[in-house]
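Structure file query_24.txt (compact mmCIF, C-alpha atoms and all ligand atoms) follows.
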```txt
# COMPACT_ATOMS: atom_id res chain seq x y z
CA MET S 1 0.00 0.00 0.00
CA MET S 2 1.46 3.30 -1.02
CA CYS S 3 1.27 6.15 1.43
CA SER S 4 -0.43 9.04 -0.29
CA ALA S 5 -1.79 11.74 2.02
CA PRO S 6 0.88 14.35 2.72
CA LEU S 7 1.05 16.41 5.85
CA ILE S 8 2.66 19.78 5.34
CA VAL S 9 4.91 20.96 8.14
CA SER S 10 7.15 23.96 7.70
CA PRO S 11 10.84 23.11 8.25
CA SER S 12 11.15 26.23 10.37
CA THR S 13 8.25 25.38 12.71
CA ASP S 14 10.40 23.86 15.46
CA GLU S 15 13.05 26.58 15.24
CA ARG S 16 10.47 29.16 16.17
CA ARG S 17 9.35 27.45 19.35
CA PRO S 18 10.45 28.93 22.68
CA PRO S 19 13.11 27.08 24.70
CA GLY S 20 11.62 24.24 26.72
CA HIS S 21 8.65 23.80 24.39
CA ASP S 22 8.08 20.11 23.69
CA SER S 23 8.68 19.94 19.95
CA ARG S 24 8.52 16.15 19.73
CA ALA S 25 4.90 16.13 18.66
CA HIS S 26 5.96 18.19 15.65
CA ALA S 27 8.81 15.92 14.53
CA ARG S 28 8.41 14.58 11.04
CA VAL S 29 9.86 12.06 8.62
CA LYS S 30 9.89 11.72 4.85
CA LEU S 31 8.02 8.58 3.88
CA THR S 32 8.09 6.44 0.75
CA GLU S 33 5.39 4.01 1.90
CA ILE S 34 3.65 2.27 4.76
CA PHE S 35 2.26 -1.19 4.14
CA LEU S 36 1.30 -4.44 5.78
CA SER S 37 3.18 -7.55 4.71
CA ILE S 38 4.87 -10.68 5.98
CA GLN S 39 8.33 -10.06 7.41
CA GLY S 40 10.62 -11.74 4.91
CA GLU S 41 13.94 -11.48 6.73
CA ALA S 42 15.77 -11.50 10.04
CA ASP S 43 14.70 -13.09 13.31
CA SER S 44 11.08 -11.98 13.06
CA VAL S 45 10.62 -13.63 9.65
CA GLY S 46 7.07 -14.76 8.97
CA TRP S 47 5.27 -12.31 11.28
CA PRO S 48 2.63 -10.02 9.86
CA THR S 49 4.42 -6.69 10.06
CA VAL S 50 3.77 -3.05 9.27
CA PHE S 51 6.65 -1.65 7.23
CA VAL S 52 7.44 2.04 7.51
CA ARG S 53 9.80 2.87 4.66
CA LEU S 54 11.61 6.18 5.02
CA THR S 55 12.92 7.96 1.95
CA GLY S 56 16.58 8.38 1.02
CA CYS S 57 19.86 6.49 1.32
CA PRO S 58 23.46 7.69 1.07
CA LEU S 59 24.64 4.28 -0.19
CA ARG S 60 24.29 2.61 -3.59
CA CYS S 61 24.63 -1.13 -3.12
CA GLN S 62 24.73 -2.90 -6.48
CA TYR S 63 21.95 -5.32 -5.47
CA CYS S 64 19.59 -2.73 -4.00
CA ASP S 65 15.94 -3.65 -4.54
CA THR S 66 14.51 -0.45 -3.03
CA ALA S 67 16.05 2.17 -5.29
CA TYR S 68 12.55 3.63 -5.63
CA ALA S 69 13.02 4.89 -2.06
CA PHE S 70 16.12 6.95 -2.90
CA HIS S 71 14.10 9.98 -4.00
CA GLY S 72 10.65 11.49 -3.71
CA GLY S 73 8.57 10.65 -0.69
CA GLU S 74 6.32 12.92 1.33
CA TRP S 75 6.77 14.57 4.70
CA HIS S 76 4.54 13.30 7.47
CA SER S 77 4.36 14.16 11.14
CA ILE S 78 5.24 11.35 13.49
CA ASP S 79 1.72 11.60 14.91
CA ASP S 80 0.38 10.88 11.43
CA VAL S 81 2.75 7.93 10.93
CA LEU S 82 1.64 6.47 14.26
CA GLN S 83 -2.01 6.80 13.30
CA ARG S 84 -1.38 5.01 10.02
CA VAL S 85 0.50 2.23 11.78
CA GLU S 86 -2.28 1.83 14.36
CA ALA S 87 -4.84 1.38 11.58
CA PHE S 88 -3.24 -1.95 10.67
CA GLN S 89 -3.79 -3.34 14.21
CA THR S 90 -0.55 -5.32 14.06
CA PRO S 91 2.02 -5.43 16.87
CA HIS S 92 5.16 -5.89 14.73
CA VAL S 93 6.53 -2.77 13.05
CA CYS S 94 9.69 -2.55 10.95
CA VAL S 95 11.26 0.82 10.18
CA THR S 96 13.27 0.48 7.00
CA GLY S 97 14.41 2.39 3.93
CA GLY S 98 16.43 3.49 2.18
CA GLU S 99 18.55 4.23 5.20
CA PRO S 100 16.12 5.34 7.90
CA LEU S 101 18.80 6.71 10.21
CA ALA S 102 19.74 9.28 7.57
CA GLN S 103 16.62 11.20 8.69
CA LYS S 104 16.73 13.27 11.85
CA GLY S 105 13.21 12.28 12.86
CA CYS S 106 13.90 8.54 12.76
CA LEU S 107 15.06 8.18 16.37
CA GLU S 108 11.94 9.96 17.61
CA LEU S 109 9.73 7.80 15.39
CA LEU S 110 11.31 4.65 16.82
CA ARG S 111 10.84 5.86 20.37
CA ARG S 112 7.20 6.77 19.80
CA LEU S 113 6.45 3.40 18.18
CA CYS S 114 7.92 1.66 21.25
CA ASP S 115 5.92 3.92 23.58
CA ALA S 116 2.79 2.85 21.71
CA GLY S 117 3.55 -0.76 22.63
CA HIS S 118 4.79 -2.07 19.30
CA ARG S 119 7.54 -4.63 18.78
CA VAL S 120 9.83 -2.50 16.69
CA SER S 121 12.75 -3.48 14.50
CA LEU S 122 15.07 -1.22 12.55
CA GLU S 123 16.75 -2.23 9.30
CA THR S 124 19.85 -0.14 8.75
CA SER S 125 22.76 -0.16 6.34
CA GLY S 126 25.43 -0.23 9.04
CA ALA S 127 26.96 2.97 7.69
CA LEU S 128 25.45 5.29 10.33
CA ASP S 129 25.73 5.33 14.11
CA VAL S 130 23.16 3.08 15.83
CA ALA S 131 24.18 3.99 19.40
CA ASN S 132 21.27 6.36 20.04
CA VAL S 133 18.51 4.05 18.89
CA ASP S 134 15.95 3.39 21.64
CA PRO S 135 17.06 0.24 23.51
CA ARG S 136 13.59 -1.31 23.07
CA VAL S 137 14.20 -1.48 19.31
CA VAL S 138 15.77 -4.57 17.76
CA ARG S 139 18.53 -3.33 15.45
CA VAL S 140 19.20 -5.33 12.28
CA VAL S 141 22.51 -3.99 11.02
CA ASP S 142 23.82 -4.77 7.54
CA VAL S 143 27.49 -5.47 7.09
CA LYS S 144 28.34 -4.47 3.54
CA THR S 145 30.52 -7.03 1.78
CA PRO S 146 33.04 -6.17 -0.97
CA GLY S 147 30.53 -7.47 -3.54
CA SER S 148 27.97 -4.87 -2.46
CA GLY S 149 30.22 -2.09 -3.75
CA GLU S 150 29.86 -0.26 -0.42
CA VAL S 151 32.27 -2.09 1.90
CA ALA S 152 34.10 1.16 2.66
CA ARG S 153 30.92 2.51 4.32
CA ASN S 154 30.84 -0.08 7.11
CA ARG S 155 30.87 1.45 10.57
CA TYR S 156 32.36 -1.53 12.37
CA GLU S 157 31.92 0.01 15.82
CA ASN S 158 28.17 -0.56 15.37
CA LEU S 159 28.76 -4.30 15.59
CA ARG S 160 30.18 -3.99 19.08
CA LEU S 161 26.92 -2.39 20.25
CA LEU S 162 24.67 -5.26 19.22
CA ARG S 163 22.97 -7.36 21.89
CA ALA S 164 22.03 -11.04 21.86
CA GLN S 165 18.60 -10.60 20.28
CA GLU S 166 19.88 -8.16 17.65
CA GLN S 167 21.28 -9.09 14.28
CA ALA S 168 24.20 -8.51 11.95
CA LYS S 169 23.18 -9.29 8.38
CA PHE S 170 25.47 -10.10 5.44
CA VAL S 171 24.16 -10.25 1.87
CA ILE S 172 26.57 -12.62 0.11
CA CYS S 173 27.23 -11.89 -3.58
CA SER S 174 29.92 -14.51 -4.36
CA ARG S 175 32.20 -17.15 -2.86
CA ALA S 176 34.76 -14.40 -2.24
CA ASP S 177 32.13 -12.45 -0.29
CA PHE S 178 31.36 -15.54 1.75
CA GLU S 179 35.02 -15.95 2.68
CA TRP S 180 35.32 -12.28 3.60
CA ALA S 181 32.23 -12.50 5.82
CA ARG S 182 33.34 -15.79 7.35
CA ASP S 183 36.68 -14.27 8.34
CA LEU S 184 35.01 -11.21 9.87
CA VAL S 185 32.60 -13.35 11.91
CA ARG S 186 35.46 -15.44 13.25
CA THR S 187 37.87 -12.57 13.90
CA GLU S 188 35.28 -10.42 15.69
CA ARG S 189 33.53 -13.46 17.24
CA LEU S 190 30.33 -11.82 16.11
CA HIS S 191 28.21 -14.91 16.79
CA GLU S 192 29.00 -14.61 20.52
CA ARG S 193 27.58 -11.12 20.65
CA CYS S 194 24.50 -11.23 18.43
CA MET S 195 22.67 -13.30 15.84
CA VAL S 196 24.52 -13.45 12.51
CA LEU S 197 22.49 -13.81 9.33
CA PHE S 198 23.84 -14.76 5.90
CA SER S 199 21.56 -14.16 2.94
CA PRO S 200 22.30 -14.99 -0.73
CA SER S 201 22.19 -12.03 -3.07
CA HIS S 202 19.21 -12.62 -5.36
CA GLU S 203 20.32 -14.21 -8.68
CA GLN S 204 24.02 -13.91 -7.73
CA VAL S 205 24.43 -16.80 -5.29
CA GLU S 206 22.31 -19.95 -5.20
CA PRO S 207 20.75 -20.44 -1.76
CA GLY S 208 21.79 -24.10 -1.84
CA ASP S 209 25.42 -23.17 -2.49
CA LEU S 210 25.47 -20.75 0.43
CA ALA S 211 23.86 -23.38 2.65
CA GLN S 212 26.59 -25.87 1.73
CA TRP S 213 29.40 -23.34 2.32
CA ILE S 214 28.01 -22.61 5.80
CA LEU S 215 27.78 -26.32 6.59
CA ASP S 216 31.25 -27.10 5.23
CA GLU S 217 32.78 -24.40 7.43
CA ARG S 218 30.61 -25.24 10.48
CA LEU S 219 29.95 -21.52 10.59
CA PRO S 220 27.70 -20.44 13.52
CA VAL S 221 25.43 -18.26 11.39
CA ARG S 222 21.80 -18.49 10.24
CA LEU S 223 20.99 -18.84 6.58
CA GLN S 224 18.04 -16.79 5.48
CA VAL S 225 16.30 -16.29 2.19
CA GLN S 226 13.99 -13.40 1.43
CA LEU S 227 10.62 -15.01 2.09
CA HIS S 228 8.67 -12.11 0.61
CA LYS S 229 10.37 -12.65 -2.76
CA PHE S 230 9.21 -16.27 -2.79
CA LEU S 231 5.69 -15.10 -1.97
CA TRP S 232 5.39 -12.06 -4.23
CA GLY S 233 8.55 -11.58 -6.29
CA ASN S 234 10.25 -8.21 -6.33
CA THR S 235 7.09 -6.14 -5.89
CA PRO S 236 7.34 -2.77 -4.13
CA GLY S 237 4.96 -2.50 -1.20
CA ARG S 238 4.88 -6.28 -0.50
S1 LIG V 301 21.83 0.49 2.09
FE1 LIG V 301 19.94 -0.59 1.58
S2 LIG V 301 18.61 0.96 0.65
FE2 LIG V 301 20.70 1.80 0.65
S3 LIG V 301 21.52 1.25 -1.37
FE3 LIG V 301 22.13 -0.37 0.06
S4 LIG V 301 20.51 -1.94 -0.12
FE4 LIG V 301 19.71 -0.04 -1.02
```
Kindly transcribe the structure held in the file into C-alpha cells.
Amino acid sequence: MMCSAPLIVSPSTDERRPPGHDSRAHARVKLTEIFLSIQGEADSVGWPTVFVRLTGCPLRCQYCDTAYAFHGGEWHSIDDVLQRVEAFQTPHVCVTGGEPLAQKGCLELLRRLCDAGHRVSLETSGALDVANVDPRVVRVVDVKTPGSGEVARNRYENLRLLRAQEQAKFVICSRADFEWARDLVRTERLHERCMVLFSPSHEQVEPGDLAQWILDERLPVRLQVQLHKFLWGNTPGR
C-alpha cells in the first residue's frame, strides 16, 4: 500500500518554538510508503508486520531492490505515521528504507512506536551510528561485503553495540564475499555477541550453495532467504 496523504509541516516550525517547548509532537519524517506484509527477513521472519519505509539512502549497493526509495517521498508528522500504523492493528513494526537513520526524525519515530507498545525493529545499512537508537528497538545492522560495492561505508563500531537478540546481516554476492564475511565473523567473534544472518544475493548466489558453504565451514550463522520474494517476487509495497 502506497502512502499518499501528505502532511505539510514547515521546516522552520520547530526553530520558532520557545526554549523548553516540547517539539517532539511536531517531529516529522519523509516517507516512501507504509504497508502491511509478511516479514521476509531476520529473526522476526514470517510475522505479519507493518513496514514504515523512510525515503533516502546515502549508499548505492549494487543489489539494491529499493532504489525507488532513494528519492521522492512525502513529509509526514510522526503523529500521522503512528495513526497510520495503528490502523493496521498489528504489533510488529519494521522501520526500513532506504537508510532510515539518515533522517533526523527517525530516532523519535522509533521511540514513539515503542511507547505505543509495538515490537519495533530497525533495518539499517550499518553505515550510520546506531548507538542512540531506543534500547527497546531490535537493530538489524547490515554489514556491507566487498561485492555490495559499499564495503568502505561499514561502521564496524556498530557491531560492538549489538545485543544477543539483535542481528548482523550479510548479503553474500559470491564465494569471495562468503570468505570475507566468514573471516570477519570469526575474527570479531560476532556470533557470541548477536545473531549473525547470511543471505544470498538474489540471482548472484544460489541459496543451496550458500547453505553448503556454511555447513562445510561449520559456521555459527543463520541462513536466510527473502521469504517475501518467494511469496510475491520483487514487488514494491509487498
Ligand atoms: S543500504 Fe539498503 S537501501 Fe541503501 S543502497 Fe544499500 S541496499 Fe539499497
Using only C-alpha atoms, tabulate the residues of stretch 82-182 of chain S lying at most 12 Å from any atom of stretch 223-229 of chain S, each with its closest atom pair and that distance in Å to one decimal, by chain and increasing residue number, as a tab-separated table.
```
residue	atom	partner	partner_atom	distance
S:Lys169	CA	S:Gln224	CA	9.5
S:Phe170	CA	S:Leu223	CA	9.9
S:Val171	CA	S:Gln224	CA	9.7
S:Ile172	CA	S:Leu223	CA	10.6
S:Phe178	CA	S:Leu223	CA	11.9
```
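Distances from S:Val81, S:Val141, S:Ala87, S:Leu159 to ligand LIG 301 (chain V) were compared using all atoms listed in the file, and the smallest one belongs to S:Val141.
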**Request:** Could you please determine the separation between atom CA of S:Ala168 and atom CA of S:Arg119 in Å, to one decimal place?
**Result:** 18.4 Å
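Proximity ranking of S:Trp213, S:Phe88, S:Tyr63, S:Tyr68 relative to S:His118 places S:Phe88 first, based on all atoms listed in the file.
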**Message:** Quick check, in Å to one decimal: how far apart do atom CA of S:Trp47 and atom CA of S:Glu123 lie?
**Reply:** 15.4 Å
Listing only residues of chain S within 7 Å of ligand LIG 301 (chain V), what is the closest atom pair and its distance in Å (to one decimal) for each, using only C-alpha atoms and all ligand atoms, sorted by chain and residue number ascending, as a tab-separated table?
```
residue	atom	partner	partner_atom	distance
S:Cys57	CA	V:LIG301	FE2	4.8
S:Pro58	CA	V:LIG301	FE2	6.5
S:Leu59	CA	V:LIG301	S3	4.5
S:Arg60	CA	V:LIG301	S3	3.8
S:Cys61	CA	V:LIG301	FE3	4.1
S:Tyr63	CA	V:LIG301	S4	6.5
S:Cys64	CA	V:LIG301	FE4	4.0
S:Asp65	CA	V:LIG301	FE4	6.3
S:Thr66	CA	V:LIG301	FE4	5.6
S:Ala67	CA	V:LIG301	FE4	6.0
S:Gly97	CA	V:LIG301	S2	5.5
S:Gly98	CA	V:LIG301	S2	3.7
S:Glu99	CA	V:LIG301	FE2	5.6
S:Thr124	CA	V:LIG301	S1	7.0
S:Ser125	CA	V:LIG301	S1	4.4
```
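All protein and nucleic acid residues in the vicinity of (10.8, 5.1, -3.8), that is within 10 Å when counting only C-alpha atoms, are Met2, Leu31, Thr32, Glu33, Arg53, Leu54, Thr55, Gly56, Thr66, Ala67, Tyr68, Ala69, Phe70, His71, Gly72, Gly73, Gly97, Gly98, Pro236 and Gly237 of chain S.
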